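J.: My structure is in run-v3.csv, and what it holds is CSV, C-alpha atoms:
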```
chain,number,residue,atom,x,y,z
H,1,MET,CA,-14.3,-1.4,-43.2
H,2,ARG,CA,-10.9,-2.8,-42.2
H,3,ALA,CA,-8.5,-2.2,-39.3
H,4,ARG,CA,-6.3,0.2,-41.3
H,5,ASP,CA,-9.4,2.4,-41.9
H,6,LEU,CA,-10.0,2.6,-38.2
H,7,ALA,CA,-6.5,3.0,-37.0
H,8,VAL,CA,-5.6,6.4,-35.6
H,9,ASP,CA,-2.2,7.9,-34.7
H,10,TYR,CA,-1.2,6.4,-31.3
H,11,PRO,CA,1.9,6.8,-29.1
H,12,SER,CA,4.3,3.9,-28.7
H,13,VAL,CA,7.5,3.1,-26.8
H,14,ALA,CA,10.3,0.7,-27.5
H,15,LEU,CA,10.6,-2.6,-25.6
H,16,ASP,CA,14.0,-1.5,-24.2
H,17,SER,CA,13.1,2.1,-23.4
H,18,PRO,CA,12.8,3.1,-19.7
H,19,ALA,CA,9.6,2.0,-18.0
H,20,LEU,CA,9.4,5.5,-16.4
H,21,ASP,CA,9.2,7.1,-19.8
H,22,ALA,CA,6.3,4.9,-20.7
H,23,ALA,CA,4.6,5.6,-17.4
H,24,HIS,CA,5.0,9.4,-17.9
H,25,LEU,CA,3.6,9.2,-21.5
H,26,LEU,CA,0.6,7.2,-20.2
H,27,ALA,CA,0.0,9.8,-17.5
H,28,ARG,CA,0.6,12.9,-19.7
H,29,GLU,CA,-1.6,11.8,-22.6
H,30,ARG,CA,-4.2,10.1,-20.4
H,31,LEU,CA,-3.9,6.9,-22.4
H,32,PRO,CA,-5.7,3.6,-21.4
H,33,GLY,CA,-2.5,1.8,-22.6
H,34,ILE,CA,0.5,2.2,-24.7
H,35,VAL,CA,1.8,0.3,-27.8
H,36,VAL,CA,5.2,-1.4,-27.3
H,37,LYS,CA,7.5,-1.9,-30.3
H,38,ALA,CA,10.3,-4.3,-30.8
H,39,ALA,CA,13.8,-3.1,-32.0
H,40,ASP,CA,12.7,-3.4,-35.6
H,41,GLY,CA,9.8,-1.0,-35.0
H,42,VAL,CA,7.1,-3.6,-35.2
H,43,PRO,CA,4.5,-3.4,-32.4
H,44,ILE,CA,4.5,-6.5,-30.3
H,45,ALA,CA,2.2,-5.7,-27.3
H,46,VAL,CA,0.1,-3.2,-25.5
H,47,LEU,CA,1.0,-2.2,-22.0
H,48,PRO,CA,-2.2,-1.2,-20.1
H,49,GLY,CA,-2.0,1.7,-17.5
H,50,SER,CA,-3.3,-0.7,-14.8
H,51,GLN,CA,-0.3,-2.9,-15.4
H,52,VAL,CA,2.1,0.0,-14.9
H,53,VAL,CA,0.2,0.8,-11.7
H,54,ARG,CA,0.4,-2.9,-10.7
H,55,PHE,CA,4.1,-2.9,-11.2
H,56,VAL,CA,4.7,-0.1,-8.7
H,57,VAL,CA,2.6,-1.7,-6.0
H,58,PRO,CA,4.4,-4.4,-4.0
H,59,GLN,CA,2.9,-7.9,-4.3
H,60,TYR,CA,2.0,-8.2,-0.6
H,61,VAL,CA,0.0,-4.9,-0.9
H,62,GLN,CA,-1.8,-6.2,-3.9
H,63,ASP,CA,-2.7,-9.4,-2.0
H,64,ASP,CA,-4.1,-7.3,0.9
H,65,PRO,CA,-5.0,-3.7,-0.2
H,66,GLY,CA,-5.9,-3.0,3.4
H,67,LEU,CA,-2.1,-3.0,4.1
H,68,ALA,CA,-1.8,0.1,1.8
H,69,ARG,CA,-3.6,2.2,4.4
H,70,VAL,CA,-0.8,1.8,6.9
H,71,TYR,CA,1.8,3.3,4.6
H,72,ASP,CA,2.5,7.0,4.6
H,73,GLU,CA,3.2,9.0,1.5
H,74,LYS,CA,6.9,8.8,1.9
H,75,THR,CA,6.7,5.0,1.6
H,76,ALA,CA,4.6,5.5,-1.5
H,77,ASP,CA,7.3,7.7,-2.9
H,78,ALA,CA,9.9,5.0,-2.2
H,79,ILE,CA,7.8,2.4,-3.8
H,80,CYS,CA,7.5,4.4,-7.0
H,81,THR,CA,11.2,4.3,-7.4
H,82,LYS,CA,10.6,0.6,-8.3
H,83,LEU,CA,10.1,1.8,-11.9
H,84,ALA,CA,13.5,3.5,-12.0
H,85,GLY,CA,16.1,1.5,-13.8
H,86,LYS,CA,13.5,-0.9,-15.3
H,87,SER,CA,12.7,-1.2,-19.0
H,88,VAL,CA,9.3,-1.6,-20.6
H,89,ARG,CA,10.2,-5.2,-21.1
H,90,ASP,CA,10.5,-5.7,-17.3
H,91,VAL,CA,7.0,-4.3,-16.8
H,92,LEU,CA,5.1,-6.1,-19.6
H,93,PRO,CA,3.0,-9.0,-18.3
H,94,ARG,CA,4.3,-12.4,-19.0
H,95,LYS,CA,1.8,-14.0,-21.4
H,96,GLU,CA,1.0,-17.6,-21.1
H,97,TYR,CA,0.4,-18.1,-24.8
H,98,ARG,CA,2.0,-16.3,-27.7
H,99,GLU,CA,-0.7,-14.0,-28.7
H,100,VAL,CA,-0.5,-10.2,-29.0
H,101,GLU,CA,-2.7,-7.1,-29.0
H,102,VAL,CA,-1.8,-6.5,-32.7
H,103,VAL,CA,-3.8,-7.0,-35.8
H,104,ASP,CA,-3.1,-6.8,-39.6
H,105,GLY,CA,-4.4,-3.8,-41.5
H,106,GLY,CA,-6.7,-6.0,-43.4
H,107,ALA,CA,-8.4,-7.4,-40.3
H,108,THR,CA,-12.2,-7.0,-40.2
H,109,VAL,CA,-14.0,-5.0,-37.5
H,110,LEU,CA,-15.1,-8.2,-35.9
H,111,GLU,CA,-11.6,-9.6,-36.0
H,112,VAL,CA,-10.3,-6.5,-34.2
H,113,ALA,CA,-13.1,-6.9,-31.6
H,114,ALA,CA,-12.3,-10.6,-31.2
H,115,VAL,CA,-8.6,-9.9,-30.4
H,116,MET,CA,-9.5,-7.0,-28.1
H,117,ALA,CA,-12.1,-9.2,-26.3
H,118,ARG,CA,-9.8,-12.2,-26.0
H,119,MET,CA,-6.8,-10.1,-24.7
H,120,HIS,CA,-9.0,-7.9,-22.4
H,121,SER,CA,-7.0,-5.0,-24.0
H,122,PRO,CA,-8.1,-1.4,-24.0
H,123,VAL,CA,-6.1,-0.8,-27.3
H,124,VAL,CA,-5.1,-2.9,-30.3
H,125,ALA,CA,-2.2,-1.9,-32.6
H,126,VAL,CA,-2.5,-2.1,-36.4
H,127,VAL,CA,0.3,-3.2,-38.6
H,128,ASP,CA,0.4,-2.9,-42.4
H,129,ALA,CA,3.3,-4.2,-44.5
H,130,GLY,CA,5.5,-4.6,-41.4
H,131,ARG,CA,5.0,-1.2,-39.9
H,132,MET,CA,2.6,0.3,-37.3
H,133,VAL,CA,-0.1,2.4,-39.0
H,134,GLY,CA,-1.9,3.3,-35.7
H,135,ALA,CA,-4.0,1.8,-33.1
H,136,ILE,CA,-7.7,1.3,-32.2
H,137,THR,CA,-9.1,1.8,-28.7
H,138,ALA,CA,-12.2,0.0,-27.4
H,139,ALA,CA,-14.1,3.3,-27.4
H,140,GLU,CA,-13.2,3.8,-31.1
H,141,LEU,CA,-14.2,0.3,-32.0
H,142,LEU,CA,-17.5,0.7,-30.3
H,143,THR,CA,-18.3,3.8,-32.3
H,144,VAL,CA,-18.4,1.6,-35.5
H,145,LEU,CA,-19.7,-1.6,-33.9
H,146,LEU,CA,-22.8,0.1,-32.4
H,147,PRO,CA,-25.9,0.9,-34.2
H,148,PRO,CA,-26.4,4.7,-34.5
H,149,GLY,CA,-28.6,6.4,-31.9
I,1,MET,CA,-3.3,13.0,-0.4
I,2,ARG,CA,-6.4,10.9,-0.4
I,3,ALA,CA,-8.7,9.4,-3.0
I,4,ARG,CA,-11.3,12.2,-2.6
I,5,ASP,CA,-8.6,14.7,-3.5
I,6,LEU,CA,-7.8,12.8,-6.7
I,7,ALA,CA,-11.4,12.0,-7.8
I,8,VAL,CA,-12.7,13.8,-10.8
I,9,ASP,CA,-16.2,14.0,-12.2
I,10,TYR,CA,-16.8,10.8,-14.1
I,11,PRO,CA,-19.8,9.4,-16.0
I,12,SER,CA,-21.8,6.5,-14.5
I,13,VAL,CA,-24.7,4.3,-15.5
I,14,ALA,CA,-27.3,2.4,-13.4
I,15,LEU,CA,-27.0,-1.4,-13.1
I,16,ASP,CA,-30.4,-1.8,-14.7
I,17,SER,CA,-30.0,0.7,-17.5
I,18,PRO,CA,-29.7,-0.5,-21.1
I,19,ALA,CA,-26.3,-1.9,-22.0
I,20,LEU,CA,-26.5,-0.1,-25.3
I,21,ASP,CA,-26.7,3.3,-23.4
I,22,ALA,CA,-23.5,2.4,-21.5
I,23,ALA,CA,-21.8,1.3,-24.8
I,24,HIS,CA,-22.8,4.6,-26.5
I,25,LEU,CA,-21.5,6.6,-23.5
I,26,LEU,CA,-18.2,4.8,-23.5
I,27,ALA,CA,-17.8,5.4,-27.3
I,28,ARG,CA,-19.0,9.0,-27.3
I,29,GLU,CA,-16.8,10.1,-24.3
I,30,ARG,CA,-13.9,7.9,-25.3
I,31,LEU,CA,-13.8,6.3,-21.8
I,32,PRO,CA,-11.6,3.4,-20.8
I,33,GLY,CA,-14.4,2.2,-18.6
I,34,ILE,CA,-17.7,3.3,-17.0
I,35,VAL,CA,-18.8,3.3,-13.4
I,36,VAL,CA,-21.9,1.2,-12.6
I,37,LYS,CA,-24.2,2.3,-9.8
I,38,ALA,CA,-26.7,0.2,-7.8
I,39,ALA,CA,-30.3,1.4,-7.5
I,40,ASP,CA,-29.4,3.4,-4.4
I,41,GLY,CA,-26.8,5.4,-6.4
I,42,VAL,CA,-23.8,3.8,-4.8
I,43,PRO,CA,-21.1,2.6,-7.3
I,44,ILE,CA,-20.6,-1.1,-7.3
I,45,ALA,CA,-18.4,-1.8,-10.2
I,46,VAL,CA,-16.5,-0.5,-13.2
I,47,LEU,CA,-17.4,-1.9,-16.7
I,48,PRO,CA,-14.3,-1.7,-19.0
I,49,GLY,CA,-14.7,-0.9,-22.7
I,50,SER,CA,-13.0,-4.2,-23.6
I,51,GLN,CA,-15.7,-6.1,-21.7
I,52,VAL,CA,-18.4,-4.4,-23.7
I,53,VAL,CA,-16.6,-5.3,-26.9
I,54,ARG,CA,-16.2,-8.8,-25.5
I,55,PHE,CA,-19.9,-9.1,-25.0
I,56,VAL,CA,-20.8,-8.3,-28.6
I,57,VAL,CA,-18.4,-10.9,-29.9
I,58,PRO,CA,-19.6,-14.5,-29.9
I,59,GLN,CA,-17.7,-16.9,-27.7
I,60,TYR,CA,-16.6,-19.1,-30.6
I,61,VAL,CA,-15.1,-16.1,-32.4
I,62,GLN,CA,-13.2,-15.1,-29.2
I,63,ASP,CA,-11.9,-18.7,-29.0
I,64,ASP,CA,-10.7,-18.4,-32.6
I,65,PRO,CA,-10.3,-14.8,-33.8
I,66,GLY,CA,-9.4,-16.2,-37.2
I,67,LEU,CA,-13.1,-17.1,-37.6
I,68,ALA,CA,-13.9,-13.4,-37.5
I,69,ARG,CA,-12.3,-12.9,-40.9
I,70,VAL,CA,-14.9,-15.1,-42.6
I,71,TYR,CA,-17.8,-12.8,-41.5
I,72,ASP,CA,-18.9,-10.0,-43.6
I,73,GLU,CA,-20.1,-6.6,-42.2
I,74,LYS,CA,-23.7,-7.6,-42.3
I,75,THR,CA,-23.0,-10.4,-39.9
I,76,ALA,CA,-21.1,-8.0,-37.6
I,77,ASP,CA,-24.2,-5.7,-37.6
I,78,ALA,CA,-26.4,-8.7,-36.6
I,79,ILE,CA,-24.0,-9.6,-33.8
I,80,CYS,CA,-24.1,-6.1,-32.4
I,81,THR,CA,-27.8,-6.5,-31.8
I,82,LYS,CA,-26.7,-8.8,-29.0
I,83,LEU,CA,-26.6,-5.8,-26.8
I,84,ALA,CA,-30.1,-4.7,-27.6
I,85,GLY,CA,-32.5,-5.6,-24.8
I,86,LYS,CA,-29.7,-6.4,-22.4
I,87,SER,CA,-29.0,-4.4,-19.2
I,88,VAL,CA,-25.6,-3.3,-17.8
I,89,ARG,CA,-26.1,-6.1,-15.2
I,90,ASP,CA,-26.1,-8.7,-18.0
I,91,VAL,CA,-22.8,-7.4,-19.4
I,92,LEU,CA,-20.9,-7.0,-16.2
I,93,PRO,CA,-18.3,-9.7,-15.7
I,94,ARG,CA,-19.1,-12.3,-13.0
I,95,LYS,CA,-16.6,-11.8,-10.3
I,96,GLU,CA,-15.3,-14.9,-8.5
I,97,TYR,CA,-14.9,-13.0,-5.2
I,98,ARG,CA,-16.7,-10.1,-3.7
I,99,GLU,CA,-14.4,-7.2,-4.4
I,100,VAL,CA,-15.1,-4.1,-6.4
I,101,GLU,CA,-13.4,-1.3,-8.2
I,102,VAL,CA,-14.5,1.2,-5.6
I,103,VAL,CA,-12.5,2.9,-2.8
I,104,ASP,CA,-13.4,5.1,0.1
I,105,GLY,CA,-12.7,8.8,-0.1
I,106,GLY,CA,-10.2,8.4,2.7
I,107,ALA,CA,-8.1,5.8,0.9
I,108,THR,CA,-4.5,6.6,0.4
I,109,VAL,CA,-2.9,6.9,-3.1
I,110,LEU,CA,-1.2,3.5,-2.5
I,111,GLU,CA,-4.5,1.9,-1.5
I,112,VAL,CA,-6.1,3.2,-4.7
I,113,ALA,CA,-3.2,1.8,-6.7
I,114,ALA,CA,-3.5,-1.6,-4.9
I,115,VAL,CA,-7.2,-1.9,-5.8
I,116,MET,CA,-6.6,-0.8,-9.4
I,117,ALA,CA,-3.7,-3.3,-9.7
I,118,ARG,CA,-5.6,-6.2,-8.1
I,119,MET,CA,-8.7,-5.6,-10.2
I,120,HIS,CA,-6.8,-4.8,-13.5
I,121,SER,CA,-9.2,-1.9,-13.8
I,122,PRO,CA,-8.6,1.2,-15.9
I,123,VAL,CA,-10.8,3.2,-13.4
I,124,VAL,CA,-11.7,3.2,-9.7
I,125,ALA,CA,-14.8,4.9,-8.3
I,126,VAL,CA,-14.5,6.9,-5.1
I,127,VAL,CA,-17.3,6.9,-2.5
I,128,ASP,CA,-17.6,9.4,0.4
I,129,ALA,CA,-20.4,9.1,2.9
I,130,GLY,CA,-22.3,6.7,0.8
I,131,ARG,CA,-22.3,8.7,-2.5
I,132,MET,CA,-20.0,8.7,-5.5
I,133,VAL,CA,-17.7,11.8,-5.5
I,134,GLY,CA,-15.9,10.9,-8.8
I,135,ALA,CA,-13.4,8.4,-10.1
I,136,ILE,CA,-9.7,8.0,-10.7
I,137,THR,CA,-8.2,6.6,-13.9
I,138,ALA,CA,-4.9,4.7,-14.1
I,139,ALA,CA,-3.4,7.7,-16.0
I,140,GLU,CA,-4.6,10.2,-13.3
I,141,LEU,CA,-3.1,8.0,-10.6
I,142,LEU,CA,0.2,7.7,-12.4
I,143,THR,CA,0.5,11.5,-12.5
I,144,VAL,CA,0.7,11.5,-8.7
I,145,LEU,CA,2.5,8.2,-8.2
I,146,LEU,CA,5.3,9.2,-10.6
I,147,PRO,CA,8.3,11.3,-9.7
I,148,PRO,CA,8.2,14.6,-11.6
I,149,GLY,CA,10.3,14.8,-14.8
```
Will you turn the file into structure tokens for me?
T.:
Amino acid sequence: MRARDLAVDYPSVALDSPALDAAHLLARERLPGIVVKAADGVPIAVLPGSQVVRFVVPQYVQDDPGLARVYDEKTADAICTKLAGKSVRDVLPRKEYREVEVVDGGATVLEVAAVMARMHSPVVAVVDAGRMVGAITAAELLTVLLPPG
Amino acid sequence: MRARDLAVDYPSVALDSPALDAAHLLARERLPGIVVKAADGVPIAVLPGSQVVRFVVPQYVQDDPGLARVYDEKTADAICTKLAGKSVRDVLPRKEYREVEVVDGGATVLEVAAVMARMHSPVVAVVDAGRMVGAITAAELLTVLLPPG
């Protein structure tokens, strides 16, 4: 079994599309993460939902979550406008090394698992002959990795 | 709006239950992560699906995912038996600091977001008066954080 056999249809957004669109898609479809494509349509990353949440929370609140309690809901509304005007590119975590949550269609199950494990990613995109053929979630991967029972 | 208003029913496992049971539950219910409870029933952590995947992949394969390609599927089967005999406790990531993916029912939306962002967690458990009342996923949280549209 190869990555292309496991890949299922999965939503994606363009690197330069509005971050708010990606956030709405994540929310609406209840996705653990969303695949991000470059201008040529090739997937280059996965943006996890927790990262989008991270982006809307100010750094000083992340450093001290207790501070969040003193904000009222109006402040929370104002904070959320942080996403407005930003692109997906602005929200993607900066990676220290050039490695992506993307595998080739010919990758083995273990190879997909290794990439997912290494990247701590809830989703891995699958590319065959230069185009995205779908994605594999951790839950999907576990269904084939696990012994039946 | 408070955490208890956002919390929805969510599966959990006990810290000392078999890791394989947790993995099967994650796979079957297509969950981004699962809530882990201590012996007294209080949630103490969230185990993400990618961490379970991580646990079944040998460290040297994580360090060099290219190695995974040389393994055949029988080897992958053998590797998966790594989970057998292990408890959820064995699979939980060791945290460097004592902080958990759990919030009080009275936590504000921003407080939940801050914990989720800080812990990079796809799910946060909600506790009211010492018992779990549900959990909030990143996708759920975004539905209330985002402006409509």
J.: Excluding range 52-66 of chain I and any residue of its chain fewer than 4 positions from it, enumerate the residues within 8 Å of it, using all atoms listed in the file, and give them as a PyMOL selection string.
T.: (chain H and resi 110-111+113-118+120+138+141-142) or (chain I and resi 23+47-48+70+79-83+91)
J.: The selected residues should be written to file as a compact mmCIF listing (two decimals), keeping the file's coordinate frame (atoms: C-alpha atoms).
T.:
```txt
# COMPACT_ATOMS: atom_id res chain seq x y z
CA LEU H 110 -15.10 -8.20 -35.90
CA GLU H 111 -11.60 -9.60 -36.00
CA ALA H 113 -13.10 -6.90 -31.60
CA ALA H 114 -12.30 -10.60 -31.20
CA VAL H 115 -8.60 -9.90 -30.40
CA MET H 116 -9.50 -7.00 -28.10
CA ALA H 117 -12.10 -9.20 -26.30
CA ARG H 118 -9.80 -12.20 -26.00
CA HIS H 120 -9.00 -7.90 -22.40
CA ALA H 138 -12.20 0.00 -27.40
CA LEU H 141 -14.20 0.30 -32.00
CA LEU H 142 -17.50 0.70 -30.30
CA ALA I 23 -21.80 1.30 -24.80
CA LEU I 47 -17.40 -1.90 -16.70
CA PRO I 48 -14.30 -1.70 -19.00
CA VAL I 70 -14.90 -15.10 -42.60
CA ILE I 79 -24.00 -9.60 -33.80
CA CYS I 80 -24.10 -6.10 -32.40
CA THR I 81 -27.80 -6.50 -31.80
CA LYS I 82 -26.70 -8.80 -29.00
CA LEU I 83 -26.60 -5.80 -26.80
CA VAL I 91 -22.80 -7.40 -19.40
```
J.: Which of these, H:Val109, H:Arg4, H:Leu26, H:Asp40, has the shortest distance to Asp128 in chain H once you count all atoms listed in the file?
T.: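 So, comparing all the options, the nearest one is H:Arg4.
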J.: Over all C-alpha pairs taken in sequence order, what does chain I look like after a least-squares fit onto chain H? Please give it as a compact mmCIF listing (two decimals) with C-alpha atoms, in the frame of the given file.
T.:
```
# COMPACT_ATOMS: atom_id res chain seq x y z
CA MET I 1 -14.27 -1.49 -43.23
CA ARG I 2 -10.91 -2.76 -42.15
CA ALA I 3 -8.55 -2.16 -39.26
CA ARG I 4 -6.34 0.22 -41.31
CA ASP I 5 -9.39 2.39 -41.90
CA LEU I 6 -10.06 2.59 -38.16
CA ALA I 7 -6.44 3.07 -36.96
CA VAL I 8 -5.53 6.42 -35.60
CA ASP I 9 -2.15 7.87 -34.73
CA TYR I 10 -1.20 6.47 -31.36
CA PRO I 11 1.87 6.84 -29.13
CA SER I 12 4.31 3.91 -28.77
CA VAL I 13 7.44 3.11 -26.81
CA ALA I 14 10.36 0.72 -27.54
CA LEU I 15 10.59 -2.56 -25.59
CA ASP I 16 13.94 -1.50 -24.20
CA SER I 17 13.09 2.08 -23.33
CA PRO I 18 12.80 3.14 -19.69
CA ALA I 19 9.58 2.07 -18.00
CA LEU I 20 9.39 5.45 -16.36
CA ASP I 21 9.21 7.12 -19.87
CA ALA I 22 6.25 4.87 -20.77
CA ALA I 23 4.57 5.65 -17.37
CA HIS I 24 5.04 9.43 -17.92
CA LEU I 25 3.61 9.13 -21.47
CA LEU I 26 0.59 7.23 -20.29
CA ALA I 27 -0.06 9.85 -17.51
CA ARG I 28 0.64 12.92 -19.64
CA GLU I 29 -1.55 11.78 -22.63
CA ARG I 30 -4.17 10.18 -20.42
CA LEU I 31 -3.90 6.86 -22.35
CA PRO I 32 -5.64 3.65 -21.40
CA GLY I 33 -2.61 1.80 -22.63
CA ILE I 34 0.58 2.21 -24.71
CA VAL I 35 1.83 0.29 -27.70
CA VAL I 36 5.21 -1.44 -27.27
CA LYS I 37 7.46 -1.86 -30.29
CA ALA I 38 10.31 -4.36 -30.82
CA ALA I 39 13.72 -3.08 -31.91
CA ASP I 40 12.70 -3.37 -35.56
CA GLY I 41 9.76 -0.96 -34.96
CA VAL I 42 7.08 -3.58 -35.22
CA PRO I 43 4.46 -3.48 -32.37
CA ILE I 44 4.47 -6.53 -30.22
CA ALA I 45 2.26 -5.72 -27.35
CA VAL I 46 0.07 -3.20 -25.57
CA LEU I 47 1.00 -2.19 -21.95
CA PRO I 48 -2.19 -1.13 -20.05
CA GLY I 49 -2.07 1.70 -17.51
CA SER I 50 -3.34 -0.67 -14.80
CA GLN I 51 -0.33 -2.93 -15.37
CA VAL I 52 2.03 -0.04 -14.83
CA VAL I 53 0.23 0.83 -11.63
CA ARG I 54 0.37 -2.85 -10.74
CA PHE I 55 4.09 -2.88 -11.13
CA VAL I 56 4.72 -0.04 -8.69
CA VAL I 57 2.64 -1.71 -6.03
CA PRO I 58 4.32 -4.45 -4.01
CA GLN I 59 2.86 -7.91 -4.34
CA TYR I 60 1.94 -8.16 -0.66
CA VAL I 61 -0.03 -4.91 -0.85
CA GLN I 62 -1.90 -6.21 -3.96
CA ASP I 63 -2.69 -9.40 -1.99
CA ASP I 64 -4.08 -7.25 0.83
CA PRO I 65 -5.02 -3.71 -0.25
CA GLY I 66 -5.86 -3.00 3.37
CA LEU I 67 -2.10 -2.99 4.06
CA ALA I 68 -1.80 0.04 1.81
CA ARG I 69 -3.60 2.18 4.36
CA VAL I 70 -0.81 1.74 6.91
CA TYR I 71 1.80 3.36 4.56
CA ASP I 72 2.42 6.97 4.61
CA GLU I 73 3.20 9.07 1.46
CA LYS I 74 6.90 8.81 1.96
CA THR I 75 6.69 5.08 1.65
CA ALA I 76 4.58 5.43 -1.53
CA ASP I 77 7.34 7.71 -2.99
CA ALA I 78 9.97 5.01 -2.17
CA ILE I 79 7.84 2.35 -3.84
CA CYS I 80 7.52 4.38 -7.00
CA THR I 81 11.26 4.21 -7.42
CA LYS I 82 10.61 0.59 -8.33
CA LEU I 83 10.20 1.73 -11.85
CA ALA I 84 13.48 3.56 -11.98
CA GLY I 85 16.10 1.54 -13.85
CA LYS I 86 13.54 -0.86 -15.23
CA SER I 87 12.72 -1.19 -18.97
CA VAL I 88 9.26 -1.57 -20.60
CA ARG I 89 10.25 -5.26 -21.13
CA ASP I 90 10.48 -5.74 -17.34
CA VAL I 91 6.98 -4.34 -16.81
CA LEU I 92 5.18 -6.12 -19.57
CA PRO I 93 3.00 -8.93 -18.31
CA ARG I 94 4.26 -12.48 -19.05
CA LYS I 95 1.84 -13.97 -21.43
CA GLU I 96 1.05 -17.68 -21.06
CA TYR I 97 0.54 -18.10 -24.83
CA ARG I 98 1.99 -16.39 -27.81
CA GLU I 99 -0.71 -13.96 -28.80
CA VAL I 100 -0.53 -10.21 -28.99
CA GLU I 101 -2.67 -7.15 -29.06
CA VAL I 102 -1.80 -6.48 -32.67
CA VAL I 103 -3.89 -7.00 -35.85
CA ASP I 104 -3.18 -6.77 -39.52
CA GLY I 105 -4.38 -3.77 -41.46
CA GLY I 106 -6.68 -6.04 -43.40
CA ALA I 107 -8.48 -7.39 -40.35
CA THR I 108 -12.17 -6.95 -40.24
CA VAL I 109 -13.95 -4.91 -37.49
CA LEU I 110 -15.15 -8.22 -35.95
CA GLU I 111 -11.62 -9.64 -35.99
CA VAL I 112 -10.35 -6.53 -34.19
CA ALA I 113 -13.12 -6.90 -31.63
CA ALA I 114 -12.28 -10.64 -31.15
CA VAL I 115 -8.62 -9.86 -30.40
CA MET I 116 -9.52 -6.98 -28.07
CA ALA I 117 -12.06 -9.22 -26.26
CA ARG I 118 -9.72 -12.22 -25.98
CA MET I 119 -6.82 -10.10 -24.75
CA HIS I 120 -8.95 -7.82 -22.43
CA SER I 121 -6.99 -4.98 -23.96
CA PRO I 122 -8.09 -1.35 -24.00
CA VAL I 123 -6.08 -0.88 -27.29
CA VAL I 124 -5.03 -2.89 -30.35
CA ALA I 125 -2.13 -1.90 -32.61
CA VAL I 126 -2.56 -2.18 -36.36
CA VAL I 127 0.33 -3.29 -38.60
CA ASP I 128 0.41 -2.91 -42.42
CA ALA I 129 3.33 -4.21 -44.41
CA GLY I 130 5.45 -4.67 -41.40
CA ARG I 131 5.03 -1.16 -39.85
CA MET I 132 2.62 0.25 -37.31
CA VAL I 133 -0.07 2.44 -38.99
CA GLY I 134 -1.88 3.37 -35.70
CA ALA I 135 -4.07 1.76 -33.09
CA ILE I 136 -7.70 1.28 -32.21
CA THR I 137 -9.14 1.79 -28.73
CA ALA I 138 -12.15 -0.07 -27.33
CA ALA I 139 -14.13 3.24 -27.44
CA GLU I 140 -13.16 3.86 -31.14
CA LEU I 141 -14.23 0.33 -32.01
CA LEU I 142 -17.53 0.67 -30.23
CA THR I 143 -18.35 3.75 -32.32
CA VAL I 144 -18.38 1.54 -35.41
CA LEU I 145 -19.70 -1.65 -33.84
CA LEU I 146 -22.71 0.15 -32.34
CA PRO I 147 -25.92 0.92 -34.15
CA PRO I 148 -26.36 4.69 -34.51
CA GLY I 149 -28.60 6.41 -31.92
```
J.: Just want the 8 Å neighbourhood of Leu6 in chain I, counted on all atoms listed in the file, with same-chain residues fewer than 5 positions away dropped. Output as a VMD selection string.
T.: chain I and resid 1 135 to 136 140 to 141
J.: Do you have the CA of Gly85 in chain H-CA of Thr137 in chain I distance handy?
T.: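 Between these atoms lies a distance of 24.8 Å.
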J.: Is it possible to get the residues within 10 Å of (-25.0, 2.2, -21.7) (coordinates as in the file, counting all atoms listed in the file) written as an NGL selection string?
T.: :I and (12-27 or 34 or 36 or 47 or 52 or 83 or 86-88)
J.: May I ask which of the residues H:Asp9, H:Ala125, H:Val112, H:Ala39 is the closest one to chain I, counting only C-alpha atoms?
T.: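 Closest to chain I, using only C-alpha atoms: H:Val112.
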J.: Measuring between all atoms listed in the file, which one of H:Ala45, H:Val126, H:Ala107, H:Val100 shows the shortest distance to chain I?
T.: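 Comparing H:Ala45, H:Val126, H:Ala107, H:Val100 against chain I, the winner is H:Ala107.
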J.: Distance CA of Met119 in chain H-CA of Ala7 in chain H, one decimal place?
T.: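 Separation between CA of Met119 in chain H and CA of Ala7 in chain H: 18.0 Å.
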J.: What is the CA of Gly130 in chain I-CA of Pro93 in chain I distance in Å, reported with one decimal?
T.: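 Distance reported for this atom pair: 23.6 Å.
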J.: Give the answer as one residue: which of I:Arg89, I:Arg2, I:Arg30, I:Arg131 has the shortest atom-to-atom distance to chain H, using all atoms listed in the file?
T.: I:Arg30
J.: Give me range 50-56 of chain H from this structure - N, CA and C atoms, as an mmCIF file, in the first residue's frame.
T.:
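See result06.cif below for the written result:
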```
data_model
loop_
_atom_site.group_PDB
_atom_site.id
_atom_site.type_symbol
_atom_site.label_atom_id
_atom_site.label_comp_id
_atom_site.auth_asym_id
_atom_site.auth_seq_id
_atom_site.Cartn_x
_atom_site.Cartn_y
_atom_site.Cartn_z
ATOM 1 N N SER H 50 -4.436 24.726 15.151
ATOM 2 C CA SER H 50 -3.878 25.362 16.358
ATOM 3 C C SER H 50 -2.958 26.525 16.002
ATOM 4 N N GLN H 51 -2.370 26.477 14.815
ATOM 5 C CA GLN H 51 -1.507 27.578 14.376
ATOM 6 C C GLN H 51 -2.330 28.812 14.010
ATOM 7 N N VAL H 52 -3.506 28.583 13.424
ATOM 8 C CA VAL H 52 -4.376 29.723 13.098
ATOM 9 C C VAL H 52 -4.859 30.367 14.399
ATOM 10 N N VAL H 53 -5.239 29.510 15.354
ATOM 11 C CA VAL H 53 -5.642 30.022 16.667
ATOM 12 C C VAL H 53 -4.482 30.810 17.278
ATOM 13 N N ARG H 54 -3.290 30.252 17.172
ATOM 14 C CA ARG H 54 -2.084 30.888 17.708
ATOM 15 C C ARG H 54 -1.889 32.292 17.137
ATOM 16 N N PHE H 55 -2.179 32.404 15.846
ATOM 17 C CA PHE H 55 -1.945 33.668 15.170
ATOM 18 C C PHE H 55 -2.873 34.773 15.653
ATOM 19 N N VAL H 56 -4.079 34.388 16.097
ATOM 20 C CA VAL H 56 -5.024 35.431 16.521
ATOM 21 C C VAL H 56 -4.834 35.813 17.989
#
```
